[in-house]
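Engineer: One structure follows; several queries about it will come next.
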Amino acid sequence: MAIVCVMAAVTSPSARADVPTMGLDQLRRGMTGYGMSVFTDDKIEPFPIEIVSVVTDDKPGVNSIWIRCPGDRMQLTGPVQGMSGSPIYVWPDDVAESDRIPGQNGKLIGAFAFGYGLGKDCYVGVQPIGQMRAVAQRLNQQLEEQGPSAMGDAWPHDPSHSGNPRHPSNQGDGQVTLKLLQALKQSTAHTSSYGRSAWKMDALERLIKPSHIATRVQTNHADHTNHALASRTVPTELPYYSNRHSRQVQPMLLPMTGMSASVTTTMQPMFEALGLSAIATGQATGGSGSSGQLSRAPNGIDVDALQLAPGSILAIPLAWGDVNFTAAGTVTDVLDDGTVLAFGHGMGDNGLGEGPIALPVATGYVHFIQPHLQSSFKMSGAGKIVGTLMRDENSAVIARDQQVFTTADAKVTVRLPGQPKRSYQAQLVQNRNYTAMLGAAMTLESIEAIQGIPPLSTLRVRYEMTFADSPHHGNDGVRDGTSATASERKPRVLEVDTLLPGATGYDLAYEILPPISVMIDNPYESAMLESLNVTVDVEPVVKTLSMQNVRLDKIEYEPGETIAARITMMPYGQREITTQVALTIPDDLPDGDYSIMVCDAPTYAQLALLSRPHLMQIHNADELLDLVQQFFGVDNTAVYMLMMLPEQGLAVGRTELPRLPSSRRALIASPTTSAVTAYSDWVTSVTQVDGVPSGQFALNITVRRNPH
């Protein structure tokens, strides 16, 4: 984890005088004025506007102003993503026509903020400046009254408290994770990636929606297999991004640049679900400039001279290093104390703010504006980090210049056939909404930096995710509320080694995004990502093994005997092969008829989840990580052979007590406590194979002590 302290001049001194404003009661239809924004490079230019109307109380106590932009440039582009926050000025009646010079003599009324998609004329909603300045006043009042505690860990803090765990913006309830999982499933619903990985998403949804467990987990033996092998259905909910260009009023999404076209296709639904519009740059833009520059600026732009002023770009660097992902909007106002007001809406989906926030703020510039039939956008870049975004509300975001934000270290190493090994490194901002998406996007960009994923190949993906350390626990494992020294902290590490035959970018997104998101945003305990280390080896062969049939030598066995099964499997593009698996029957197994399951890793993992409901009893991030490890760490290069035992085991909390004598079982399974859970017990064998098997078969056998 990197802790970044910023002590820089965030604004131009000339911008720090409070500009005159005009109230809603002074505005009338037909009044004219101008807006200020950057259209190319770093030049702030005016564009003409005229007042259309003032809408009062469109939300309780909230007003809005509507303007029309009659100039040729705005008529061509319509509202532009990245213009959010552009200050809008109106000339008072006492300003003579000869003095109504675009860019001069106007009074500030608010920020270019929202509108309708696919319009035939350029109408724009303006956030009144009074509502924006009220956000800054609330922040300043909190800081005066509460000091650093008003911002949680956004203020400079003890580095041992890694990842800003106490900062309000990093405390979750699972809603962000649910949004991301739904967007991911929706975007892949008709792809092979969905069939391979949707079960993991379903399992994570059950983890963060505890009320859902009762409807999915059955304790009847006969139901376990049916549930695990039930047909996967395509989600029917509308995607979060489906109505973006409808007749609903929408805030201008913040354009986020830095991703290639293929990665944008994969990641756009997830970013848009949280209020960002991923803009493809054709090729991924990586590499920082000199002297602390986040990216290489075009010739003619002096990055050191860039400052934040009304109408300038306000960039939010989300990842920088060998990749650069940057969201951008526009500065609306700079108060006399240097506080910056921007955007005219919140950072989140539908322009909603989340209150306290800690994201880096940088100067920026514009390469060009791309007119677009649905929504035009600025292609922009970041200059240098100059402060921290500290407040995020529906009316504005607020930045200051002496704060702290934190980042996670990310490294991706790629080995492609015929290519040298390459490694890419970057810093990812630590934030409940964005960190998981940034980790997935960086992984995809790194793999495709030189060439696309070769067809008919298999990816071996190994990753290690380190999350914020566990707080101190007492001897009984219960939190005692005390601070822990560095030696007492328990590292939280997720380690996965998996094969992905015929993988696409969606498969990698399924691997990287969900575990990070659920660890950060869940209803139990937030554990922020501190580091991500991914290694991808590409093999030029499709290593799939389709299980065709399973045969047993016989159907009657004695207790203690070994069941041998021969599996016929079809490798991709090759002839059938035969693999033998075996399972030993317990010596004390009662006589009777039993079912044997021979299956792949996803089926095994789902059976394990459904048959052990006590594992879903999560209380903290450590227990959550254990379960995520089971989902994502299951060995998918193995065939699993299972036999369900006739007697259920008991679990006290999450501790399993298998095969108890009836007397002890009766004593423990008291009706006076809900801490004891019955679960189905299995005998399991695991056989390694050279590839990723798929399929499942159920076979029936009879166990008798004297079969002859």
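Chain labels A, B, ... are given in the sequence in which chains occur in the structure tokens; within each chain residues are numbered consecutively from 1, and ligands are likewise numbered from 1 in the order shown.
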Using DSSP assignments from the backbone, pull out every residue in range 577-631 of chain A that falls under helix (DSSP H, G or I) and give it to me as JSON, numbers by chain.

Structural biologist: {"A": [601, 602, 603, 604, 605, 606, 607, 608, 609, 610, 611, 613, 614, 615, 616, 621, 622, 623, 624, 625, 626, 627, 628, 629, 630, 631]}

Engineer: Please identify all polymer residues within 6 Å of range 355-360 of chain A, counting only C-alpha atoms, omitting same-chain residues fewer than 2 positions from it, and present them as a list in words.

Structural biologist: Ala154, Ser169, Ile316, Gly353, Thr388, Leu389, Met390, Arg391, Asp392, Glu393 and Phe405 of chain A

Engineer: Name the closest residue to Ile67 in chain A among the candidates A:Ser197, A:Gln425, A:Thr32, A:Ser98; distances are taken between atoms, counting only C-alpha atoms.

Structural biologist: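 Looking only at the distances to Ile67 in chain A, the closest residue turns out to be A:Thr32.
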
Engineer: What's the separation between CA of Tyr194 in chain A and CA of Leu459 in chain A, in Å to one decimal place?

Structural biologist: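 Going from CA of Tyr194 in chain A over to CA of Leu459 in chain A, I get 17.0 Å.
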